[in-house]
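Structure record follows, encoded as structure tokens.
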Amino acid sequence: MEIRLEGTGGPEGWPVPDCPCASCGRLAPGHRRPASIVLDGRVRLTDARPPAGYVIRRTADGCEVTGPGGGRLLYAAGPATGSPGRDADAPFDVVLMDLPDRPERLGDLRRRGRVTPATRIIAVHLHHRVPAESELARRLALWGATAVPDGTVVDTASAEAEPWVRPRRTLLLGGSRSGKSEEAELRLAAEPEVTYVATGPSGGDDPAWLARVRAHRERRPAHWRTVETTDLASVLSGGPGTLLIDGIGTWLAAAFDECAAWPDGTPAAGHRAALDRVAERCDALTAAWRGTRARVVAVSDEVGLGVIPATPAGRLFRDALGRLNQALARESEDVALVVSGRVVPLPL
């Protein structure tokens, strides 16, 4: 089944005419025309009665098409409506999907076996919610998908999936409200299975902290699993899988609590022993990070960029977290700094 992508943009294309936003301002008019798909030169997905040999079903996964030769296409753009998709059906050869809107839909399709490593995944309905084509390409590479120019022709019989290569260990650093957690979630959004490892406190009765925890939870895909623990060494040693650890800073604060390592007037010898126990835990975490068989993305706070903490405890924590970040970065294939929502790679 031949698929011609006459247009790959959103309802008004990209750039949107007369839109003053930065994303649209970066592109020449008509860069991507409104999405339009033609099958075998004669069938459109909007046809009320497709020609003989074509089966079109509208399911919760999107518009599913089976061509006369058995080729399978999924067009997933807009809200999910219709009957549930049948997981027992043959996987799709090609998926055209509005990935910037809800990349977790791709992860769910992979989890259910409807998308396999052989499926070619192409992003459509592209418009100015993405800052630039370069950022679009970066995100799609994380998700194992591509974008193609208007006019591209793909055939279900010969479509080749793009290689999906991901680093095993990624460390994302950033300041408070820098967007580092959102970046971590974005990187793993299209994975079929993810365990979210929360190392922070439950929040108790603090309304502000509870609201923050709730916002994080509501952002995560429904099929992700959540584990609340500070035993990161055990989690990392638990075998294959995909982990998102958020975050290293709260883990270290918990280690200071559990080892009674905060400066509180304890005699010097006792405090030194407590700090040694924290250092041992950091070494154990680094060793587990080095030896993990899982794919893992971890979030940590970048400290000491200018303001010197006013208290001895603050300075002690800053120095300990800085050393731990360095140790984890040395054992990571991928390290990046997130600043104001923008990702700055930190290559060797």
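Ligands are numbered from 1 in the order shown, chains are lettered A, B, ... in the order of the structure tokens, and residues start at 1 in each chain.
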Item to check | Neighbour list for Ala118 (chain A) as a PyMOL selection string, cut-off 10 Å, only C-alpha atoms, skip fewer than 5 positions in-chain | outcome: chain A and resi 91-94+159-163
Item to check | Selection: 9 Å around Arg129 (chain A), only C-alpha atoms, excl. self and same-chain fewer than 4 positions, as a ChimeraX atom specification | outcome: /A:23,100-101
Save out the residues we just selected, C-alpha atoms, as an mmCIF file, in the first residue's frame.
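Resulting contents of result-v6.cif:
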```cif
data_model
loop_
_atom_site.group_PDB
_atom_site.id
_atom_site.type_symbol
_atom_site.label_atom_id
_atom_site.label_comp_id
_atom_site.auth_asym_id
_atom_site.auth_seq_id
_atom_site.Cartn_x
_atom_site.Cartn_y
_atom_site.Cartn_z
ATOM 1 C CA SER A 23 8.491 28.927 16.155
ATOM 2 C CA PRO A 100 4.554 16.053 19.882
ATOM 3 C CA ASP A 101 1.025 15.985 21.332
#
```
Checklist entry - Which of these, A:Leu73, A:Gly107, A:Pro149, A:Arg295, has the shortest distance to Gly30 (chain A) once you count only C-alpha atoms? => result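 The shortest atom-to-atom distance to Gly30 (chain A) comes from A:Pro149.
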Next on the checklist: Residues within 12 Å of Gly69 (chain A), please, as an MDAnalysis selection string. Count only C-alpha atoms; anything in the same chain fewer than 5 positions from it doesn't count.
Outcome noted: chainID A and resid 1:2 40 52:55 155:157
Just the selected residues (N, CA, C and O atoms), exported as a PDB file, in the first residue's frame, please.
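Result went into part-v2.pdb, see below:
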```pdb
ATOM      1  N   MET A   1       0.847  -1.192   0.000  1.00  0.00           N
ATOM      2  CA  MET A   1       0.000   0.000   0.000  1.00  0.00           C
ATOM      3  C   MET A   1       0.888   1.248   0.000  1.00  0.00           C
ATOM      4  O   MET A   1       1.720   1.426   0.895  1.00  0.00           O
ATOM      5  N   GLU A   2       0.718   2.084  -1.004  1.00  0.00           N
ATOM      6  CA  GLU A   2       1.505   3.302  -1.123  1.00  0.00           C
ATOM      7  C   GLU A   2       0.847   4.417  -0.313  1.00  0.00           C
ATOM      8  O   GLU A   2      -0.358   4.653  -0.424  1.00  0.00           O
ATOM      9  N   ASP A  40      -2.470   4.815  -2.232  1.00  0.00           N
ATOM     10  CA  ASP A  40      -2.493   4.230  -3.573  1.00  0.00           C
ATOM     11  C   ASP A  40      -3.046   5.198  -4.616  1.00  0.00           C
ATOM     12  O   ASP A  40      -3.643   4.776  -5.627  1.00  0.00           O
ATOM     13  N   ALA A  52     -13.284  -1.220  -2.618  1.00  0.00           N
ATOM     14  CA  ALA A  52     -13.172  -2.634  -2.256  1.00  0.00           C
ATOM     15  C   ALA A  52     -11.710  -2.997  -2.024  1.00  0.00           C
ATOM     16  O   ALA A  52     -10.811  -2.552  -2.741  1.00  0.00           O
ATOM     17  N   GLY A  53     -11.485  -3.808  -1.010  1.00  0.00           N
ATOM     18  CA  GLY A  53     -10.139  -4.250  -0.682  1.00  0.00           C
ATOM     19  C   GLY A  53      -9.503  -3.477   0.457  1.00  0.00           C
ATOM     20  O   GLY A  53      -8.491  -3.915   1.013  1.00  0.00           O
ATOM     21  N   TYR A  54     -10.070  -2.318   0.808  1.00  0.00           N
ATOM     22  CA  TYR A  54      -9.546  -1.507   1.909  1.00  0.00           C
ATOM     23  C   TYR A  54     -10.470  -1.617   3.114  1.00  0.00           C
ATOM     24  O   TYR A  54     -11.703  -1.498   2.985  1.00  0.00           O
ATOM     25  N   VAL A  55      -9.903  -1.858   4.254  1.00  0.00           N
ATOM     26  CA  VAL A  55     -10.672  -1.906   5.498  1.00  0.00           C
ATOM     27  C   VAL A  55     -10.178  -0.756   6.377  1.00  0.00           C
ATOM     28  O   VAL A  55      -8.990  -0.682   6.718  1.00  0.00           O
ATOM     29  N   ASP A 155       5.880   3.067   1.268  1.00  0.00           N
ATOM     30  CA  ASP A 155       5.106   1.869   0.930  1.00  0.00           C
ATOM     31  C   ASP A 155       5.166   0.904   2.103  1.00  0.00           C
ATOM     32  O   ASP A 155       6.241   0.640   2.649  1.00  0.00           O
ATOM     33  N   THR A 156       4.018   0.375   2.480  1.00  0.00           N
ATOM     34  CA  THR A 156       3.995  -0.542   3.629  1.00  0.00           C
ATOM     35  C   THR A 156       4.807  -1.804   3.368  1.00  0.00           C
ATOM     36  O   THR A 156       5.297  -2.437   4.304  1.00  0.00           O
ATOM     37  N   ALA A 157       4.989  -2.152   2.094  1.00  0.00           N
ATOM     38  CA  ALA A 157       5.719  -3.384   1.782  1.00  0.00           C
ATOM     39  C   ALA A 157       7.223  -3.215   1.929  1.00  0.00           C
ATOM     40  O   ALA A 157       7.946  -4.206   2.091  1.00  0.00           O
TER      41      ALA A 157
END
```
Next on the checklist: Let me make sure I understand: among A:Leu305, A:Cys63, A:Leu316, A:Leu321, which one has the smallest atom-to-atom distance to Arg44 (chain A) if we use only C-alpha atoms?
Outcome noted: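 Residue with the minimum atom-to-atom distance to Arg44 (chain A): A:Cys63.
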Item to check | Those of region 172-328 of chain A in DSSP alpha helix (DSSP H), formatted as an MDAnalysis selection string | outcome: chainID A and resid 180:188 207:219 232:236 248:258 268:291 312:328
Written selection (C-alpha atoms) as a short mmCIF file (atom, residue, chain, number, x, y, z; two decimals), in the first residue's frame:
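Listing of result-v4.cif after writing:
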```cif
data_model
loop_
_atom_site.label_atom_id
_atom_site.label_comp_id
_atom_site.auth_asym_id
_atom_site.auth_seq_id
_atom_site.Cartn_x
_atom_site.Cartn_y
_atom_site.Cartn_z
CA LYS A 180 14.90 18.81 34.05
CA SER A 181 12.12 16.49 35.27
CA GLU A 182 9.97 17.27 32.23
CA GLU A 183 12.96 16.53 29.98
CA ALA A 184 13.52 13.18 31.70
CA GLU A 185 9.88 12.22 31.21
CA LEU A 186 9.95 13.39 27.59
CA ARG A 187 13.02 11.22 26.87
CA LEU A 188 11.24 8.07 28.05
CA PRO A 207 -0.04 21.35 50.69
CA ALA A 208 2.61 22.88 48.43
CA TRP A 209 4.73 19.72 48.34
CA LEU A 210 1.68 17.50 47.88
CA ALA A 211 0.59 19.65 44.93
CA ARG A 212 4.05 19.32 43.40
CA VAL A 213 4.03 15.54 43.80
CA ARG A 214 0.52 15.38 42.30
CA ALA A 215 1.59 17.47 39.28
CA HIS A 216 4.51 15.11 38.63
CA ARG A 217 2.24 12.08 38.94
CA GLU A 218 -0.40 13.47 36.58
CA ARG A 219 2.22 14.19 33.91
CA LEU A 232 18.73 3.10 44.53
CA ALA A 233 21.60 0.61 44.55
CA SER A 234 19.12 -2.28 44.75
CA VAL A 235 16.87 -0.78 42.07
CA LEU A 236 19.80 -0.29 39.68
CA ILE A 248 19.62 12.27 43.07
CA GLY A 249 19.43 15.39 45.23
CA THR A 250 16.52 14.13 47.32
CA TRP A 251 18.23 10.74 47.59
CA LEU A 252 21.34 12.41 49.01
CA ALA A 253 19.28 14.47 51.47
CA ALA A 254 17.67 11.25 52.68
CA ALA A 255 21.13 9.67 53.06
CA PHE A 256 22.20 12.62 55.24
CA ASP A 257 19.06 12.11 57.35
CA GLU A 258 19.52 8.36 57.73
CA ALA A 268 33.91 16.13 65.37
CA ALA A 269 34.81 12.43 65.47
CA GLY A 270 31.16 11.36 65.45
CA HIS A 271 30.27 13.75 62.65
CA ARG A 272 33.22 12.56 60.57
CA ALA A 273 32.02 8.97 60.96
CA ALA A 274 28.53 10.01 59.82
CA LEU A 275 29.96 11.74 56.74
CA ASP A 276 31.98 8.61 55.99
CA ARG A 277 28.75 6.61 56.00
CA VAL A 278 27.23 9.04 53.49
CA ALA A 279 30.35 8.72 51.31
CA GLU A 280 30.05 4.93 51.41
CA ARG A 281 26.44 5.15 50.22
CA CYS A 282 27.51 7.48 47.40
CA ASP A 283 30.22 5.02 46.38
CA ALA A 284 27.71 2.15 46.44
CA LEU A 285 25.29 4.17 44.27
CA THR A 286 28.03 5.00 41.77
CA ALA A 287 29.08 1.34 41.58
CA ALA A 288 25.46 0.27 40.97
CA TRP A 289 25.10 2.98 38.32
CA ARG A 290 28.26 1.73 36.60
CA GLY A 291 27.12 -1.90 36.64
CA PRO A 312 27.14 25.00 57.17
CA ALA A 313 24.56 22.33 56.33
CA GLY A 314 23.88 23.96 52.96
CA ARG A 315 27.56 24.16 52.09
CA LEU A 316 28.12 20.56 53.17
CA PHE A 317 25.23 19.31 51.01
CA ARG A 318 26.33 21.41 48.02
CA ASP A 319 29.82 19.93 48.10
CA ALA A 320 28.59 16.35 48.56
CA LEU A 321 26.08 16.60 45.71
CA GLY A 322 28.66 18.20 43.43
CA ARG A 323 31.04 15.30 44.02
CA LEU A 324 28.28 12.74 43.47
CA ASN A 325 27.17 14.40 40.23
CA GLN A 326 30.74 14.23 38.96
CA ALA A 327 31.03 10.55 39.85
CA LEU A 328 27.77 9.66 38.08
#
```
Next on the checklist: To one decimal place in Å, what is the distance between CA of Arg42 (chain A) and CA of Trp14 (chain A)?
Outcome noted: 25.5 Å
Item to check | Residue neighbourhood region 333-343 of chain A, 6 Å, only C-alpha atoms, exclusion window fewer than 5 positions, as a PyMOL selection string | outcome: chain A and resi 167+169-174+178-180
